[in-house]
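Enquirer: What follows is the file upload_11.pdb, containing PDB, C-alpha atoms:
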```
ATOM      1  CA  MET A   1     -13.799  52.789   0.874
ATOM      2  CA  SER A   2     -14.959  55.855  -1.052
ATOM      3  CA  SER A   3     -18.503  57.137  -0.882
ATOM      4  CA  PHE A   4     -18.525  57.713  -4.653
ATOM      5  CA  LYS A   5     -17.542  55.970  -7.885
ATOM      6  CA  VAL A   6     -15.431  57.191 -10.781
ATOM      7  CA  LEU A   7     -17.679  56.610 -13.778
ATOM      8  CA  GLY A   8     -15.108  57.107 -16.534
ATOM      9  CA  THR A   9     -12.464  59.383 -17.970
ATOM     10  CA  ASN A  10     -13.860  62.606 -19.420
ATOM     11  CA  HIS A  11     -10.802  64.100 -21.146
ATOM     12  CA  THR A  12      -7.103  64.894 -21.040
ATOM     13  CA  SER A  13      -6.199  68.577 -21.372
ATOM     14  CA  PHE A  14      -3.243  70.509 -22.749
ATOM     15  CA  THR A  15      -2.675  74.255 -22.757
ATOM     16  CA  VAL A  16      -1.428  75.363 -26.179
ATOM     17  CA  SER A  17      -0.051  78.585 -27.621
ATOM     18  CA  ASN A  18      -1.694  78.378 -31.060
ATOM     19  CA  MET A  19      -5.087  76.700 -31.222
ATOM     20  CA  ASP A  20      -5.277  76.637 -35.023
ATOM     21  CA  ARG A  21      -1.891  74.897 -35.329
ATOM     22  CA  THR A  22      -2.660  72.300 -32.656
ATOM     23  CA  VAL A  23      -6.149  71.553 -33.950
ATOM     24  CA  ALA A  24      -4.700  71.120 -37.461
ATOM     25  CA  PHE A  25      -2.225  68.529 -36.156
ATOM     26  CA  PHE A  26      -4.866  66.446 -34.407
ATOM     27  CA  THR A  27      -7.378  66.660 -37.266
ATOM     28  CA  ASP A  28      -5.117  66.585 -40.339
ATOM     29  CA  ALA A  29      -2.293  64.318 -39.154
ATOM     30  CA  LEU A  30      -4.195  62.009 -36.788
ATOM     31  CA  GLY A  31      -7.690  62.174 -38.253
ATOM     32  CA  PHE A  32      -9.396  63.215 -35.010
ATOM     33  CA  GLU A  33     -12.615  65.270 -35.007
ATOM     34  CA  VAL A  34     -13.311  68.699 -33.473
ATOM     35  CA  ILE A  35     -16.531  68.324 -31.495
ATOM     36  CA  SER A  36     -16.620  71.887 -30.119
ATOM     37  CA  ARG A  37     -14.527  75.029 -30.133
ATOM     38  CA  ALA A  38     -15.474  78.254 -28.368
ATOM     39  CA  PRO A  39     -14.397  80.874 -25.811
ATOM     40  CA  ARG A  40     -15.424  80.494 -22.175
ATOM     41  CA  ASP A  41     -16.833  82.916 -19.608
ATOM     42  CA  SER A  42     -13.854  84.643 -17.978
ATOM     43  CA  ALA A  43     -15.481  84.961 -14.544
ATOM     44  CA  ILE A  44     -16.123  81.219 -14.379
ATOM     45  CA  ILE A  45     -12.632  80.342 -15.642
ATOM     46  CA  GLU A  46     -11.052  82.627 -13.019
ATOM     47  CA  ARG A  47     -13.001  80.827 -10.291
ATOM     48  CA  VAL A  48     -12.177  77.343 -11.600
ATOM     49  CA  THR A  49      -8.469  77.918 -12.339
ATOM     50  CA  GLY A  50      -7.524  80.694  -9.927
ATOM     51  CA  VAL A  51      -5.932  82.573 -12.860
ATOM     52  CA  LYS A  52      -6.849  86.275 -12.599
ATOM     53  CA  GLY A  53      -7.805  87.862 -15.915
ATOM     54  CA  ALA A  54      -8.051  84.480 -17.651
ATOM     55  CA  GLN A  55      -9.509  84.593 -21.132
ATOM     56  CA  ILE A  56      -9.521  81.280 -22.940
ATOM     57  CA  GLU A  57     -10.660  79.421 -26.009
ATOM     58  CA  VAL A  58     -11.371  75.702 -25.620
ATOM     59  CA  ALA A  59     -11.524  73.002 -28.279
ATOM     60  CA  TYR A  60     -12.609  69.434 -27.672
ATOM     61  CA  ILE A  61     -11.037  66.902 -30.018
ATOM     62  CA  GLN A  62     -12.352  63.337 -30.221
ATOM     63  CA  GLY A  63      -9.921  60.543 -30.991
ATOM     64  CA  PRO A  64     -10.464  56.790 -30.878
ATOM     65  CA  GLY A  65     -11.743  56.047 -27.388
ATOM     66  CA  HIS A  66     -10.542  59.310 -25.829
ATOM     67  CA  ARG A  67     -11.293  63.028 -25.846
ATOM     68  CA  LEU A  68      -8.733  65.836 -25.654
ATOM     69  CA  GLU A  69      -9.396  69.333 -24.377
ATOM     70  CA  LEU A  70      -7.128  72.001 -25.850
ATOM     71  CA  ILE A  71      -7.009  75.363 -24.091
ATOM     72  CA  GLN A  72      -5.429  78.538 -25.421
ATOM     73  CA  TYR A  73      -5.081  81.365 -22.888
ATOM     74  CA  LEU A  74      -5.556  84.679 -24.663
ATOM     75  CA  ALA A  75      -4.946  86.461 -21.321
ATOM     76  CA  PRO A  76      -3.359  87.184 -18.920
ATOM     77  CA  ALA A  77      -0.351  88.573 -20.763
ATOM     78  CA  ASP A  78       2.140  87.327 -18.131
ATOM     79  CA  LYS A  79       1.491  83.621 -18.750
ATOM     80  CA  GLY A  80       4.548  81.369 -18.734
ATOM     81  CA  ARG A  81       5.749  78.284 -20.553
ATOM     82  CA  VAL A  82       6.572  74.825 -19.207
ATOM     83  CA  ARG A  83       9.372  72.707 -20.623
ATOM     84  CA  SER A  84       9.827  69.536 -18.665
ATOM     85  CA  LEU A  85      11.915  66.494 -19.400
ATOM     86  CA  PRO A  86      10.650  62.922 -19.121
ATOM     87  CA  CYS A  87      12.751  62.529 -15.954
ATOM     88  CA  ASP A  88      11.090  65.510 -14.211
ATOM     89  CA  THR A  89       8.441  64.826 -11.577
ATOM     90  CA  GLY A  90       5.088  65.886 -12.956
ATOM     91  CA  PHE A  91       6.045  65.233 -16.578
ATOM     92  CA  ALA A  92       3.126  63.960 -18.657
ATOM     93  CA  HIS A  93       2.613  62.669 -22.160
ATOM     94  CA  ILE A  94      -0.129  61.081 -24.213
ATOM     95  CA  ALA A  95       0.434  57.793 -26.041
ATOM     96  CA  TYR A  96      -1.320  56.459 -29.121
ATOM     97  CA  ASP A  97      -1.225  52.967 -30.571
ATOM     98  CA  VAL A  98      -0.537  53.206 -34.310
ATOM     99  CA  ASP A  99      -0.387  50.595 -37.035
ATOM    100  CA  ASP A 100       2.599  52.213 -38.821
ATOM    101  CA  ILE A 101       4.965  54.265 -36.691
ATOM    102  CA  ASP A 102       6.949  55.562 -39.671
ATOM    103  CA  ALA A 103       3.785  56.827 -41.405
ATOM    104  CA  ALA A 104       2.612  58.437 -38.142
ATOM    105  CA  ILE A 105       5.930  60.279 -37.811
ATOM    106  CA  ALA A 106       5.777  61.398 -41.453
ATOM    107  CA  ALA A 107       2.220  62.736 -40.977
ATOM    108  CA  SER A 108       3.262  64.599 -37.801
ATOM    109  CA  GLU A 109       6.396  66.345 -39.057
ATOM    110  CA  PRO A 110       4.651  68.937 -41.320
ATOM    111  CA  HIS A 111       2.830  70.138 -38.175
ATOM    112  CA  GLY A 112       6.085  70.684 -36.266
ATOM    113  CA  VAL A 113       5.524  67.562 -34.164
ATOM    114  CA  LEU A 114       8.999  66.067 -34.339
ATOM    115  CA  PRO A 115      10.548  62.872 -33.009
ATOM    116  CA  ILE A 116      12.998  63.195 -30.137
ATOM    117  CA  GLY A 117      14.884  60.176 -31.523
ATOM    118  CA  ASN A 118      14.380  57.275 -33.892
ATOM    119  CA  PRO A 119      11.763  54.584 -33.210
ATOM    120  CA  VAL A 120      13.099  51.940 -30.812
ATOM    121  CA  ALA A 121      12.227  48.247 -30.523
ATOM    122  CA  ILE A 122      10.385  47.390 -27.297
ATOM    123  CA  ASP A 123      11.968  44.397 -25.547
ATOM    124  CA  LYS A 124       9.858  44.120 -22.360
ATOM    125  CA  GLY A 125       6.393  44.729 -20.993
ATOM    126  CA  PRO A 126       2.951  44.589 -22.582
ATOM    127  CA  ASN A 127       4.170  46.138 -25.860
ATOM    128  CA  LYS A 128       7.137  43.767 -26.292
ATOM    129  CA  GLY A 129       7.906  43.220 -29.969
ATOM    130  CA  GLY A 130       6.580  46.611 -31.032
ATOM    131  CA  ARG A 131       8.326  49.930 -31.603
ATOM    132  CA  VAL A 132       8.041  53.231 -29.760
ATOM    133  CA  VAL A 133       8.975  56.884 -30.312
ATOM    134  CA  TYR A 134       8.473  60.143 -28.414
ATOM    135  CA  LEU A 135       7.665  63.319 -30.353
ATOM    136  CA  ARG A 136       7.327  66.930 -29.186
ATOM    137  CA  ASP A 137       4.981  69.537 -30.574
ATOM    138  CA  PRO A 138       5.851  73.262 -30.796
ATOM    139  CA  ASP A 139       4.422  73.765 -27.265
ATOM    140  CA  ASP A 140       6.659  70.965 -25.893
ATOM    141  CA  VAL A 141       3.720  68.600 -25.402
ATOM    142  CA  THR A 142       5.104  65.075 -25.689
ATOM    143  CA  ILE A 143       3.267  62.497 -27.759
ATOM    144  CA  GLU A 144       4.226  58.837 -27.845
ATOM    145  CA  TYR A 145       3.484  56.515 -30.754
ATOM    146  CA  ILE A 146       3.493  52.788 -30.059
ATOM    147  CA  GLU A 147       3.471  50.425 -32.996
ATOM    148  CA  ARG A 148       1.992  47.194 -31.734
ATOM    149  CA  PRO A 149       3.760  43.913 -32.468
ATOM    150  CA  ARG A 150       2.778  42.439 -35.827
TER     151      ARG A 150
END
```
Rewrite the structure from the file as structure tokens, please.
Expert:
Amino acid sequence: MSSFKVLGTNHTSFTVSNMDRTVAFFTDALGFEVISRAPRDSAIIERVTGVKGAQIEVAYIQGPGHRLELIQYLAPADKGRVRSLPCDTGFAHIAYDVDDIDAAIAASEPHGVLPIGNPVAIDKGPNKGGRVVYLRDPDDVTIEYIERPR
């Protein structure tokens, strides 16, 4: 037994290449709210992340029941890019329940958040009777929309 308790989930974080573009998607398309956006102290970020020369801007976005942290690394210059597939170990995505999957897709597309395929009927599990679709943003972050059964 642990000597501590997890009190709750604080946030989920994604590193992005263009903060303005990503914030616009979450606020304009999904209706989430920016609760803070600012640079961070480089010395502290280097110690926390182990990334030498790290310079970042962080935005916190509040959605229904969950907070996202978006991080854009302005430095170092030699940062890389991850492109993983759903079958790759370590792959992650974030899923949102929506009331109209087609409207959610339509609102996402102008922001470059595009479906990987067409919505599919769910035939098993807790979302049986609904529909589901994966989308990818320009940074290859995968977002799942689940339309609950009606």
Enquirer: Grab the atom CA of A:Glu69 to atom CA of A:His11 distance for me, in Å with one decimal place.
Expert: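 Calculated distance between atom CA of A:Glu69 and atom CA of A:His11 is 6.3 Å.
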Enquirer: How would you write, as a ChimeraX atom specification, the residues chosen by the PyMOL selection byres ((chain A and resi 85) around 12) on this structure?
Expert: /A:82-84,86-93,116,134,136,140-142
Enquirer: Translate the PyMOL selection byres ((chain A and resi 57-59) around 10), as applied to the file shown, into an explicit residue set as a VMD selection string.
Expert: chain A and resid 13 15 to 16 19 to 20 22 to 23 34 to 41 55 to 56 60 to 62 68 to 74
Enquirer: Take every atom of stretch 10-13 of chain A listed in the file, fit an axis-aligned box around them, add 6 Å per side, and give the centre and edge lengths in Å to one decimal as JSON.
Expert:
```
{"center_x": -10.0, "center_y": 65.6, "center_z": -20.4, "size_x": 19.7, "size_y": 18.0, "size_z": 14.0}
```
Enquirer: Ranking A:Val51, A:Val120, A:Val6, A:Leu135 by minimum distance to A:Tyr96 and counting all atoms listed in the file, which one comes first?
Expert: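 Residue with the minimum atom-to-atom distance to A:Tyr96: A:Leu135.
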Enquirer: Considering all atoms listed in the file, state which residue in the set A:Arg131, A:Lys52, A:Lys124, A:Lys79 is at the smallest distance from A:Asp100.
Expert: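 Looking only at the distances to A:Asp100, the closest residue turns out to be A:Arg131.
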Enquirer: If we count all atoms listed in the file, what is near stretch 103-110 of chain A at a cut-off of 10 Å, once residues fewer than 2 positions away on the same chain are taken out, given as an NGL selection string?
Expert: :A and (25-26 or 28-30 or 98-101 or 112-115 or 118-119 or 133-137 or 145-147)
Enquirer: Restricting the calculation to only C-alpha atoms: of A:Pro149, A:Gly8, A:Gly80, A:Gly63, which residue gets closest to A:Ala121?
Expert: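 With only C-alpha atoms as the atom set, the closest residue is A:Pro149.
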Enquirer: Using only C-alpha atoms for the distances, tell me which of A:Gly53, A:Gly65, A:Pro126, A:Gly31 is nearest to A:Ala77.
Expert: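 Checking each of A:Gly53, A:Gly65, A:Pro126, A:Gly31 against A:Ala77, counting only C-alpha atoms, the winner is A:Gly53.
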Enquirer: With all atoms listed in the file as the basis for distance, which of A:Ser17, A:Ala75, A:Phe32, A:Lys5 is at the shortest distance from A:Ile45?
Expert: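 When distances to A:Ile45 are compared using all atoms listed in the file, the smallest one comes from A:Ala75.
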Enquirer: Give me, please, the distance in Å between atom CA of A:Gly129 and atom CA of A:Gly117, quoted to one decimal.
Expert: 18.4 Å
Enquirer: Would you compute the distance between atom CA of A:Glu33 and atom CA of A:His66? Give it in Å to one decimal.
Expert: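 Calculated distance between atom CA of A:Glu33 and atom CA of A:His66 is 11.1 Å.
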Enquirer: Taking into account only C-alpha atoms, which residue in the set A:Gly50, A:Arg21, A:Ser3, A:Thr9 is nearest to A:Arg67?
Expert: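 So, comparing all the options, the nearest one is A:Thr9.
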